[in-house]
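Just structure.cif here, mmCIF, C-alpha atoms and all ligand atoms:
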data_work
loop_
_atom_site.label_atom_id
_atom_site.label_comp_id
_atom_site.auth_asym_id
_atom_site.auth_seq_id
_atom_site.Cartn_x
_atom_site.Cartn_y
_atom_site.Cartn_z
CA MET A 16 112.52 108.97 182.57
CA PRO A 17 114.48 105.73 181.94
CA ILE A 18 115.34 105.22 178.30
CA GLN A 19 113.50 102.23 176.86
CA THR A 20 115.94 99.93 175.07
CA ASP A 21 113.92 96.76 174.54
CA ASN A 22 110.60 95.71 172.97
CA LEU A 23 110.77 98.72 170.68
CA HIS A 24 109.38 96.66 167.81
CA ILE A 25 107.09 94.31 169.73
CA HIS A 26 103.44 95.17 169.22
CA THR A 27 101.84 92.50 171.43
CA LEU A 28 102.68 89.24 173.19
CA ARG A 29 99.78 86.78 173.58
CA PRO A 30 100.05 83.55 175.57
CA LEU A 31 99.71 80.18 173.84
CA PRO A 32 98.40 77.02 175.51
CA SER A 33 101.12 74.53 176.37
CA PRO A 34 101.85 71.65 173.95
CA VAL A 35 100.67 69.13 176.55
CA ALA A 36 97.33 70.92 176.96
CA LEU A 37 96.70 70.72 173.20
CA ALA A 38 97.81 67.08 173.04
CA ARG A 39 95.38 66.23 175.88
CA GLU A 40 92.51 68.00 174.15
CA LEU A 41 93.34 66.37 170.79
CA ALA A 42 94.88 63.06 171.81
CA ARG A 43 96.13 60.34 169.49
CA ASP A 44 94.82 56.81 169.96
CA ASP A 45 96.71 53.53 169.48
CA ALA A 46 95.67 53.13 165.84
CA ILE A 47 97.05 56.59 165.01
CA SER A 48 100.29 55.91 166.91
CA HIS A 49 100.70 52.72 164.85
CA THR A 50 100.20 54.58 161.57
CA VAL A 51 102.92 57.07 162.53
CA ALA A 52 105.38 54.55 163.99
CA ASP A 53 104.92 51.93 161.23
CA SER A 54 105.46 54.49 158.48
CA ARG A 55 108.56 55.94 160.17
CA ARG A 56 109.97 52.40 160.37
CA ALA A 57 109.16 51.73 156.71
CA ILE A 58 110.72 55.04 155.61
CA ARG A 59 113.90 54.31 157.57
CA ALA A 60 114.09 50.88 155.89
CA ILE A 61 113.53 52.37 152.41
CA LEU A 62 116.19 55.04 153.01
CA GLY A 63 118.61 52.39 154.28
CA GLY A 64 117.99 50.12 151.27
CA ARG A 65 116.37 47.34 153.38
CA ASP A 66 112.92 47.85 151.82
CA ASP A 67 112.79 47.91 148.01
CA ARG A 68 109.73 50.17 147.73
CA LEU A 69 109.74 53.88 146.84
CA LEU A 70 108.84 56.62 149.35
CA VAL A 71 106.32 59.01 147.75
CA ILE A 72 105.59 62.28 149.54
CA VAL A 73 102.63 63.76 147.76
CA GLY A 74 100.01 66.39 148.51
CA PRO A 75 99.25 70.10 148.43
CA CYS A 76 101.94 72.75 148.54
CA SER A 77 100.14 74.03 151.64
CA ILE A 78 96.95 73.30 153.54
CA HIS A 79 94.49 76.20 153.68
CA GLU A 80 91.12 74.43 154.08
CA SER A 81 90.77 71.27 156.18
CA SER A 82 87.74 69.96 154.27
CA ALA A 83 89.55 69.89 150.90
CA ALA A 84 92.63 68.37 152.57
CA LEU A 85 90.46 65.56 153.96
CA ASP A 86 88.80 64.94 150.58
CA TYR A 87 92.26 64.71 149.08
CA ALA A 88 93.47 62.44 151.90
CA ALA A 89 90.58 59.99 151.36
CA ARG A 90 91.56 59.59 147.68
CA LEU A 91 95.24 59.27 148.50
CA ALA A 92 94.58 56.71 151.28
CA ALA A 93 92.88 54.48 148.66
CA GLU A 94 95.96 54.72 146.40
CA ARG A 95 98.23 53.96 149.38
CA ARG A 96 96.27 50.76 150.01
CA ALA A 97 96.25 49.77 146.32
CA LEU A 98 99.96 50.41 145.64
CA GLY A 99 101.41 49.55 149.07
CA ASP A 100 103.54 46.66 147.81
CA ARG A 101 105.54 49.12 145.68
CA LEU A 102 105.06 52.60 147.17
CA GLU A 103 105.15 53.98 150.71
CA ILE A 104 102.76 56.89 150.14
CA VAL A 105 102.84 59.71 152.70
CA MET A 106 100.70 62.84 152.38
CA ARG A 107 102.27 66.31 152.32
CA VAL A 108 100.42 68.10 155.12
CA TYR A 109 102.35 71.37 155.10
CA PHE A 110 101.27 74.06 157.58
CA GLU A 111 104.33 76.34 157.62
CA LYS A 112 105.48 78.17 154.48
CA PRO A 113 108.93 79.77 154.31
CA ARG A 114 108.54 82.88 152.14
CA THR A 115 111.19 84.40 149.90
CA THR A 116 110.15 87.82 151.20
CA VAL A 117 106.60 88.16 152.56
CA GLY A 118 103.33 86.34 151.95
CA TRP A 119 100.82 84.04 153.67
CA LYS A 120 102.83 81.90 156.11
CA GLY A 121 100.48 78.94 156.29
CA LEU A 122 97.51 77.58 158.21
CA ILE A 123 99.11 77.61 161.65
CA ASN A 124 100.29 81.20 161.36
CA ASP A 125 97.18 82.64 159.74
CA PRO A 126 94.38 80.04 159.84
CA HIS A 127 91.63 82.50 158.88
CA LEU A 128 93.57 83.67 155.78
CA ASP A 129 92.94 87.30 156.68
CA GLY A 130 96.13 88.51 158.32
CA SER A 131 94.69 88.08 161.83
CA ASP A 132 97.52 85.60 162.59
CA ARG A 133 95.55 83.65 165.19
CA ILE A 134 98.17 80.98 165.86
CA GLU A 135 96.10 79.93 168.88
CA ASP A 136 93.39 78.79 166.41
CA GLY A 137 95.84 77.46 163.81
CA LEU A 138 97.53 74.98 166.14
CA PRO A 139 94.35 73.04 167.07
CA MET A 140 93.23 73.12 163.43
CA ALA A 141 96.55 71.61 162.36
CA ARG A 142 96.57 68.97 165.08
CA ARG A 143 92.93 68.00 164.40
CA LEU A 144 93.66 67.58 160.68
CA LEU A 145 96.76 65.46 161.35
CA LEU A 146 94.68 63.20 163.62
CA GLU A 147 92.05 62.79 160.88
CA VAL A 148 94.60 62.06 158.15
CA ASN A 149 96.41 59.47 160.29
CA ARG A 150 93.05 57.96 161.31
CA MET A 151 92.55 57.08 157.61
CA GLY A 152 95.74 55.00 157.83
CA LEU A 153 97.55 57.67 155.81
CA PRO A 154 100.83 58.93 157.36
CA ALA A 155 101.72 62.63 157.17
CA ALA A 156 104.78 64.63 156.11
CA THR A 157 105.46 68.26 156.91
CA GLU A 158 108.12 70.96 156.80
CA PHE A 159 109.46 72.05 160.18
CA LEU A 160 110.15 75.75 160.10
CA ASP A 161 109.54 77.24 163.54
CA PRO A 162 111.71 75.67 166.29
CA ILE A 163 108.97 75.80 168.97
CA LEU A 164 105.98 74.46 167.04
CA PRO A 165 107.10 70.78 166.69
CA GLN A 166 106.18 70.26 170.36
CA TYR A 167 102.53 70.74 169.32
CA PHE A 168 102.27 68.13 166.55
CA ALA A 169 105.54 66.29 165.76
CA ASP A 170 104.12 63.13 167.41
CA LEU A 171 101.77 62.87 164.39
CA ILE A 172 104.42 63.25 161.67
CA ALA A 173 106.01 60.29 159.85
CA TRP A 174 108.52 62.29 157.75
CA GLY A 175 109.82 65.85 158.11
CA ALA A 176 111.53 68.28 155.76
CA ILE A 177 113.94 71.09 156.42
CA GLY A 178 113.44 73.48 153.52
CA ALA A 179 115.88 74.94 151.01
CA ARG A 180 115.90 78.27 152.85
CA THR A 181 116.79 76.72 156.23
CA THR A 182 119.01 73.70 155.48
CA GLU A 183 122.10 75.78 156.29
CA SER A 184 120.64 77.03 159.58
CA GLN A 185 122.19 75.56 162.74
CA ILE A 186 118.89 76.02 164.56
CA HIS A 187 117.12 73.73 162.06
CA ARG A 188 119.91 71.16 162.09
CA GLN A 189 119.68 71.04 165.90
CA LEU A 190 115.92 70.72 165.65
CA ALA A 191 116.27 67.79 163.20
CA SER A 192 118.75 66.12 165.56
CA GLY A 193 115.97 65.77 168.11
CA LEU A 194 113.02 64.87 165.87
CA SER A 195 111.64 61.33 166.14
CA CYS A 196 110.91 61.00 162.41
CA PRO A 197 113.24 60.66 159.41
CA VAL A 198 114.15 64.10 158.03
CA GLY A 199 114.96 65.22 154.48
CA PHE A 200 117.21 68.25 153.99
CA LYS A 201 116.54 70.12 150.74
CA ASN A 202 119.49 71.35 148.71
CA GLY A 203 119.92 75.14 148.91
CA THR A 204 117.92 77.51 146.69
CA ASP A 205 121.14 78.08 144.71
CA GLY A 206 121.21 74.33 143.93
CA GLY A 207 124.12 73.61 146.31
CA VAL A 208 123.97 70.08 147.69
CA GLN A 209 126.93 70.36 150.07
CA VAL A 210 124.83 72.33 152.60
CA ALA A 211 122.40 69.38 152.76
CA LEU A 212 125.23 66.88 153.23
CA ASP A 213 126.70 69.09 155.97
CA ALA A 214 123.23 69.29 157.55
CA ILE A 215 122.90 65.49 157.62
CA ARG A 216 126.21 65.16 159.46
CA SER A 217 125.26 67.92 161.87
CA ALA A 218 121.78 66.47 162.57
CA ALA A 219 123.25 63.01 163.22
CA ALA A 220 125.23 64.48 166.13
CA SER A 221 124.07 65.30 169.65
CA HIS A 222 123.28 68.99 170.35
CA SER A 223 122.20 71.07 173.33
CA PHE A 224 120.07 74.16 172.67
CA PRO A 225 117.27 76.26 174.16
CA ALA A 226 113.79 74.79 173.63
CA VAL A 227 110.39 74.58 175.34
CA THR A 228 109.08 71.60 177.29
CA ALA A 229 105.68 69.99 176.74
CA GLN A 230 104.51 72.14 179.66
CA GLY A 231 105.62 75.27 177.79
CA GLN A 232 108.57 76.04 180.02
CA ALA A 233 111.87 77.34 178.62
CA ALA A 234 114.45 74.55 178.88
CA ILE A 235 117.75 73.24 177.54
CA ALA A 236 117.19 70.27 175.21
CA THR A 237 120.00 67.77 174.71
CA THR A 238 119.41 65.48 171.75
CA THR A 239 120.84 62.09 170.80
CA GLY A 240 121.15 62.94 167.08
CA ASN A 241 118.95 61.70 164.24
CA PRO A 242 120.51 58.93 162.12
CA ALA A 243 117.64 58.91 159.57
CA CYS A 244 118.41 62.08 157.59
CA HIS A 245 118.91 62.32 153.84
CA VAL A 246 119.11 64.73 150.89
CA VAL A 247 116.11 66.02 148.93
CA LEU A 248 117.05 67.31 145.47
CA ARG A 249 114.78 70.20 144.45
CA GLY A 250 116.83 72.00 141.77
CA GLY A 251 118.20 75.52 142.15
CA HIS A 252 118.69 78.90 140.55
CA HIS A 253 120.82 77.34 137.81
CA GLY A 254 118.32 74.64 136.86
CA PRO A 255 117.09 71.17 137.80
CA ASN A 256 119.05 68.33 139.45
CA TYR A 257 116.85 65.28 138.92
CA ASP A 258 118.54 63.64 135.92
CA ALA A 259 120.86 60.61 136.06
CA ALA A 260 124.05 62.72 135.85
CA ALA A 261 122.94 64.96 138.74
CA VAL A 262 121.94 61.94 140.84
CA ALA A 263 125.31 60.23 140.19
CA ALA A 264 127.15 63.43 141.21
CA VAL A 265 125.19 63.61 144.47
CA VAL A 266 125.84 59.94 145.23
CA ALA A 267 129.58 60.54 144.74
CA ALA A 268 129.51 63.69 146.90
CA ALA A 269 127.56 61.84 149.62
CA ARG A 270 130.07 58.97 149.67
CA LYS A 271 132.94 61.47 149.87
CA ALA A 272 131.21 63.17 152.80
CA GLY A 273 130.66 59.81 154.52
CA VAL A 274 126.89 60.12 154.21
CA GLU A 275 124.46 57.32 153.24
CA PRO A 276 123.57 58.10 149.59
CA GLY A 277 119.77 57.48 149.82
CA ILE A 278 118.14 60.27 147.82
CA VAL A 279 114.63 61.71 147.55
CA ILE A 280 113.87 63.87 144.50
CA ASP A 281 111.34 66.70 144.62
CA ALA A 282 109.72 66.99 141.16
CA SER A 283 108.38 70.45 141.99
CA HIS A 284 110.07 73.76 142.88
CA ALA A 285 113.18 74.45 140.79
CA ASN A 286 113.08 70.91 139.35
CA SER A 287 109.94 71.86 137.43
CA GLY A 288 110.82 75.53 136.96
CA LYS A 289 107.84 76.18 139.29
CA ASP A 290 105.49 74.96 136.55
CA PRO A 291 103.41 72.23 138.25
CA LEU A 292 102.39 70.75 134.92
CA ARG A 293 106.02 69.83 134.25
CA GLN A 294 106.07 67.48 137.24
CA PRO A 295 104.85 64.43 135.23
CA ALA A 296 107.76 64.87 132.77
CA VAL A 297 110.23 65.12 135.68
CA LEU A 298 108.70 62.06 137.34
CA ALA A 299 108.75 60.15 134.04
CA ASP A 300 112.52 60.76 133.88
CA ILE A 301 112.89 59.57 137.48
CA ALA A 302 110.70 56.51 136.76
CA HIS A 303 112.97 55.73 133.81
CA GLN A 304 116.04 55.86 136.08
CA ILE A 305 114.30 53.50 138.52
CA ARG A 306 113.19 51.12 135.74
CA THR A 307 116.71 50.93 134.41
CA GLY A 308 118.08 49.94 137.80
CA ASP A 309 118.98 53.09 139.78
CA SER A 310 119.02 52.16 143.44
CA ALA A 311 120.10 55.45 145.04
CA ILE A 312 116.69 57.04 144.37
CA ARG A 313 114.69 56.03 147.43
CA GLY A 314 111.85 58.50 147.15
CA VAL A 315 110.10 61.29 145.28
CA MET A 316 108.04 64.31 146.24
CA LEU A 317 105.32 66.01 144.24
CA GLU A 318 102.94 68.89 144.85
CA SER A 319 99.39 67.89 144.06
CA HIS A 320 95.84 68.92 144.96
CA LEU A 321 92.27 68.20 143.88
CA ILE A 322 92.38 70.93 141.23
CA ALA A 323 95.42 71.72 139.09
CA GLY A 324 97.25 75.06 139.25
CA ARG A 325 97.03 77.79 141.86
CA GLN A 326 94.89 80.80 142.72
CA ASP A 327 95.40 84.21 144.31
CA GLN A 328 93.29 85.26 147.24
CA VAL A 329 91.04 88.12 146.13
CA PRO A 330 89.33 89.99 149.00
CA GLY A 331 85.55 89.47 148.88
CA GLN A 332 85.75 86.60 146.38
CA PRO A 333 85.34 82.91 147.29
CA LEU A 334 88.27 80.59 146.72
CA THR A 335 88.07 77.63 144.31
CA TYR A 336 87.65 74.49 146.44
CA GLY A 337 90.70 72.21 146.46
CA GLN A 338 93.12 74.52 144.62
CA SER A 339 96.44 75.72 146.07
CA ILE A 340 96.90 79.31 147.27
CA THR A 341 100.70 78.95 147.36
CA ASP A 342 102.67 77.11 144.63
CA GLY A 343 100.80 75.51 141.73
CA CYS A 344 99.95 71.81 142.01
CA LEU A 345 99.22 68.88 139.74
CA GLY A 346 95.50 67.94 139.62
CA TRP A 347 94.17 64.71 141.10
CA GLU A 348 93.74 62.60 137.93
CA GLU A 349 97.23 63.46 136.68
CA THR A 350 98.60 62.64 140.14
CA ARG A 351 96.92 59.24 140.09
CA ALA A 352 98.45 58.46 136.69
CA VAL A 353 101.90 59.45 137.94
CA LEU A 354 101.55 57.27 141.07
CA HIS A 355 100.67 54.25 138.91
CA ASP A 356 103.62 54.90 136.59
CA LEU A 357 106.00 55.10 139.57
CA ALA A 358 104.56 51.87 140.98
CA ASP A 359 105.12 50.19 137.63
CA ALA A 360 108.75 51.40 137.57
CA VAL A 361 109.35 50.08 141.09
CA ALA A 362 107.83 46.70 140.15
CA ARG A 363 110.34 46.52 137.28
CA ARG A 364 113.23 47.36 139.66
CA GLN A 365 111.95 44.75 142.15
CA ARG A 366 111.73 42.05 139.44
CA ALA A 367 115.22 42.86 138.16
CA ALA A 368 116.68 42.55 141.67
CA ALA A 369 114.84 39.28 142.47
O1 LIG B 401 106.78 75.82 148.40
C1 LIG B 401 106.48 76.98 148.57
C2 LIG B 401 107.21 78.12 148.03
O2 LIG B 401 108.03 77.79 146.97
C3 LIG B 401 108.02 78.76 149.12
O3 LIG B 401 107.22 78.91 150.26
C4 LIG B 401 108.52 80.13 148.66
O4 LIG B 401 107.46 80.86 148.20
P1 LIG B 401 107.60 82.36 147.71
O5 LIG B 401 108.84 82.47 146.90
O6 LIG B 401 106.34 82.55 146.90
O7 LIG B 401 107.61 83.23 148.91
C1 LIG B 402 109.02 75.33 150.44
C2 LIG B 402 109.17 74.12 149.94
O1 LIG B 402 110.25 73.67 149.26
P1 LIG B 402 111.70 74.32 149.13
O2 LIG B 402 112.21 74.45 150.53
O3 LIG B 402 112.42 73.31 148.32
O4 LIG B 402 111.54 75.63 148.43
C3 LIG B 402 108.10 73.12 150.03
O5 LIG B 402 108.36 71.93 149.76
O6 LIG B 402 106.98 73.50 150.37
#

Could you quickly redo this structure as structure tokens?
Ligand SMILES: O=C[C@H](O)[C@H](O)COP(=O)(O)O
Ligand SMILES: C=C(OP(=O)(O)O)C(=O)O
Amino acid sequence: MPIQTDNLHIHTLRPLPSPVALARELARDDAISHTVADSRRAIRAILGGRDDRLLVIVGPCSIHESSAALDYAARLAAERRALGDRLEIVMRVYFEKPRTTVGWKGLINDPHLDGSDRIEDGLPMARRLLLEVNRMGLPAATEFLDPILPQYFADLIAWGAIGARTTESQIHRQLASGLSCPVGFKNGTDGGVQVALDAIRSAAASHSFPAVTAQGQAAIATTTGNPACHVVLRGGHHGPNYDAAAVAAVVAAARKAGVEPGIVIDASHANSGKDPLRQPAVLADIAHQIRTGDSAIRGVMLESHLIAGRQDQVPGQPLTYGQSITDGCLGWEETRAVLHDLADAVARRQRAAA
């Protein structure tokens, strides 16, 4: 008997449809392509200081029910239209969750929320939702975690994040180097910003690495490098990094590293001590910095849903509609108030610069 030395821990391997097959079944039209391309252009201009508005990436920590996400998107699309002269609002449409240890990994991985892990169902659900959100004229942001999955939906994403747990990963830096959208690198979970600055320099360079084609074939991708990458400050184990002193230190470190110092600040995660209700106080501090003339802050992120807080999944019990099952979120009315305060701060900065 030959000794088996491989696949000792593989339970099953199931085929997935190719990215091109899914894109044909769920195709984007011209209006959707415009929403994606126009927002990417606007975000690049904001990050480069050529557009004086503020990028606002706002939405649920994770998507677990498409209907609630679409209700949320309809409300947010109305705010995007109303505040468009001051804010470039992009919805967080996050399908992949990086876990500290184990836990639900998001709608693509486990779309039925029951551990069945039917990725073959999750991918069309994700793509369909992105089409619907973009169809409302609302661009979408997401975290890229798996290196294969972008082929299935990256054409519908205006802004991408590489998370705090993966910013230092060469695989994710290579991935960012080939993405068509601007990409924000979070600082590390320990609060270290240098890994994000290193990531920006790495992602701006050309890389060759194994990938899959749109037809699903293993291939070697060679990228041109992505010039539209920036830091996202999200705090760390030692505390927050959203205040003026922290921002000034990051601007100085960016300049020293030869990196464009356009910064996005995440009001959630370690910047709010994981208490979603502290986000308005964090954002009020950021709005104050903007009002008093800070120009390095080009964007903010907040975690928000229809209903404030979070809930655990309890087998046999229905979930509360529109409430997060991962990190806690700000509720809709509080979110709306924060958006208007940020718009007011940007108007002040615009007037001062005129
Ligand atoms: O944003 C989401 C969470 O902070 C991230 O996925 C880590 O979650 P966990 O620490 O609960 O696993
Ligand atoms: C996981 C996230 O953030 P971070 O990588 O900063 O923990 C997130 O934004 O969903």

> Which distance in Å separates CA of Gly121 in chain A and CA of Asp205 in chain A, to one decimal?
Replying inline: 23.7 Å

> Can you list, as an MDAnalysis selection string, every protein, DNA or RNA residue that comes within 12 Å of Ala60 in chain A when you count only C-alpha atoms, leaving out same-chain residues fewer than 5 positions away?
Replying inline: chainID A and resid 53:55 65:70 103 197 243 277 313:314

Distance limit 6 Å, reference ligand LIG 402 (chain B), atoms considered: all atoms listed in the file. Which residues make the cut? Give them as an mmCIF file with C-alpha atoms, in the frame of the given file.
data_model
loop_
_atom_site.group_PDB
_atom_site.id
_atom_site.type_symbol
_atom_site.label_atom_id
_atom_site.label_comp_id
_atom_site.auth_asym_id
_atom_site.auth_seq_id
_atom_site.Cartn_x
_atom_site.Cartn_y
_atom_site.Cartn_z
ATOM 1 C CA CYS A 76 101.940 72.750 148.540
ATOM 2 C CA PRO A 113 108.930 79.770 154.310
ATOM 3 C CA GLY A 178 113.440 73.480 153.520
ATOM 4 C CA ALA A 179 115.880 74.940 151.010
ATOM 5 C CA ARG A 180 115.900 78.270 152.850
ATOM 6 C CA LYS A 201 116.540 70.120 150.740
ATOM 7 C CA ARG A 249 114.780 70.200 144.450
ATOM 8 C CA HIS A 284 110.070 73.760 142.880
#

Nearby polymer residues, ligand LIG 401 (chain B), at most 9 Å, all atoms listed in the file, as an mmCIF file with C-alpha atoms, in the frame of the given file:
data_model
loop_
_atom_site.group_PDB
_atom_site.id
_atom_site.type_symbol
_atom_site.label_atom_id
_atom_site.label_comp_id
_atom_site.auth_asym_id
_atom_site.auth_seq_id
_atom_site.Cartn_x
_atom_site.Cartn_y
_atom_site.Cartn_z
ATOM 1 C CA CYS A 76 101.940 72.750 148.540
ATOM 2 C CA SER A 77 100.140 74.030 151.640
ATOM 3 C CA GLU A 111 104.330 76.340 157.620
ATOM 4 C CA LYS A 112 105.480 78.170 154.480
ATOM 5 C CA PRO A 113 108.930 79.770 154.310
ATOM 6 C CA ARG A 114 108.540 82.880 152.140
ATOM 7 C CA THR A 115 111.190 84.400 149.900
ATOM 8 C CA THR A 116 110.150 87.820 151.200
ATOM 9 C CA VAL A 117 106.600 88.160 152.560
ATOM 10 C CA GLY A 118 103.330 86.340 151.950
ATOM 11 C CA TRP A 119 100.820 84.040 153.670
ATOM 12 C CA LYS A 120 102.830 81.900 156.110
ATOM 13 C CA GLY A 178 113.440 73.480 153.520
ATOM 14 C CA ALA A 179 115.880 74.940 151.010
ATOM 15 C CA ARG A 180 115.900 78.270 152.850
ATOM 16 C CA SER A 283 108.380 70.450 141.990
ATOM 17 C CA HIS A 284 110.070 73.760 142.880
ATOM 18 C CA ALA A 285 113.180 74.450 140.790
ATOM 19 C CA LYS A 289 107.840 76.180 139.290
ATOM 20 C CA GLU A 318 102.940 68.890 144.850
ATOM 21 C CA THR A 341 100.700 78.950 147.360
ATOM 22 C CA ASP A 342 102.670 77.110 144.630
ATOM 23 C CA GLY A 343 100.800 75.510 141.730
#

Residues within 8 Å of Met140 in chain A, all atoms listed in the file, excluding chain neighbours under 3 positions, as a tab-separated table (two decimals) with C-alpha atoms, keeping the file's coordinate frame:
chain	number	residue	atom	x	y	z
A	81	SER	CA	90.77	71.27	156.18
A	123	ILE	CA	99.11	77.61	161.65
A	126	PRO	CA	94.38	80.04	159.84
A	136	ASP	CA	93.39	78.79	166.41
A	137	GLY	CA	95.84	77.46	163.81
A	143	ARG	CA	92.93	68.00	164.40
A	144	LEU	CA	93.66	67.58	160.68

> Can you list, as JSON, numbers by chain, every protein, DNA or RNA residue that comes within 7 Å of Phe200 in chain A when you count all atoms listed in the file, leaving out same-chain residues fewer than 3 positions away?
Replying inline: {"A": [176, 177, 178, 182, 211, 245, 246, 247]}

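Near Pro255 in chain A, within 12 Å and counting all atoms listed in the file, sit Asn202, Thr204, Asp205, Gly206, Gly207, Leu248, Arg249, Gly250, Gly251, Ala259, Ala260, Ala261, Val262, Ile280, Asp281, Ala282, Ser283, His284, Ala285, Asn286, Ser287, Gly288, Lys289, Arg293, Gln294 and Val297 of chain A, not including residues fewer than 4 positions from it in the same chain.
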
>> Could you tell me how far CA of Ser195 in chain A sits from CA of Leu298 in chain A, in Å to one decimal place?
In response: 29.0 Å

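Compared by their closest atoms to Ala367 in chain A, and using all atoms listed in the file, the residues A:Ala52, A:Ile305, A:Ala299, A:Ala84 rank with A:Ile305 nearest.
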
> When you draw a straight line from CA of Gly231 in chain A to CA of Leu171 in chain A, how long is it in Å?
Replying inline: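 Interatomic distance here is 18.7 Å.
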
>> List as a PyMOL selection string the protein and nucleic acid residues near Met106 in chain A, meaning an atom at most 12 Å away when only C-alpha atoms are counted, but skip any in the same chain fewer than 4 places from it.
In response: chain A and resi 51+54+70-78+84-85+87-92+94-95+144-145+148-149+151-158+172-175+315-320

> Nearest to Asp170 in chain A among A:Asn256, A:Ser33, A:Ser223, A:Ser48, with distances taken over all atoms listed in the file: which residue is it?
Replying inline: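 Going through A:Asn256, A:Ser33, A:Ser223, A:Ser48 one by one, the smallest distance to Asp170 in chain A is for A:Ser48.
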
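Of the listed residues A:Arg351, A:Arg363, A:Arg56, A:Arg188, the one whose atoms come nearest to Ala218 in chain A is A:Arg188, with distances taken using only C-alpha atoms.
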
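Taking only C-alpha atoms into account, the polymer residues that have an atom no farther than 9 Å from (88.6, 75.9, 144.5) are Ala83, Leu321, Ile322, Gln326, Pro333, Leu334, Thr335, Tyr336, Gly337, Gln338 and Ser339 of chain A.
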
>> For a quick check of understanding, using all atoms listed in the file, which of A:Pro291, A:Ala93, A:Cys244, A:Leu164 has the smallest distance to Val105 in chain A?
In response: A:Ala93
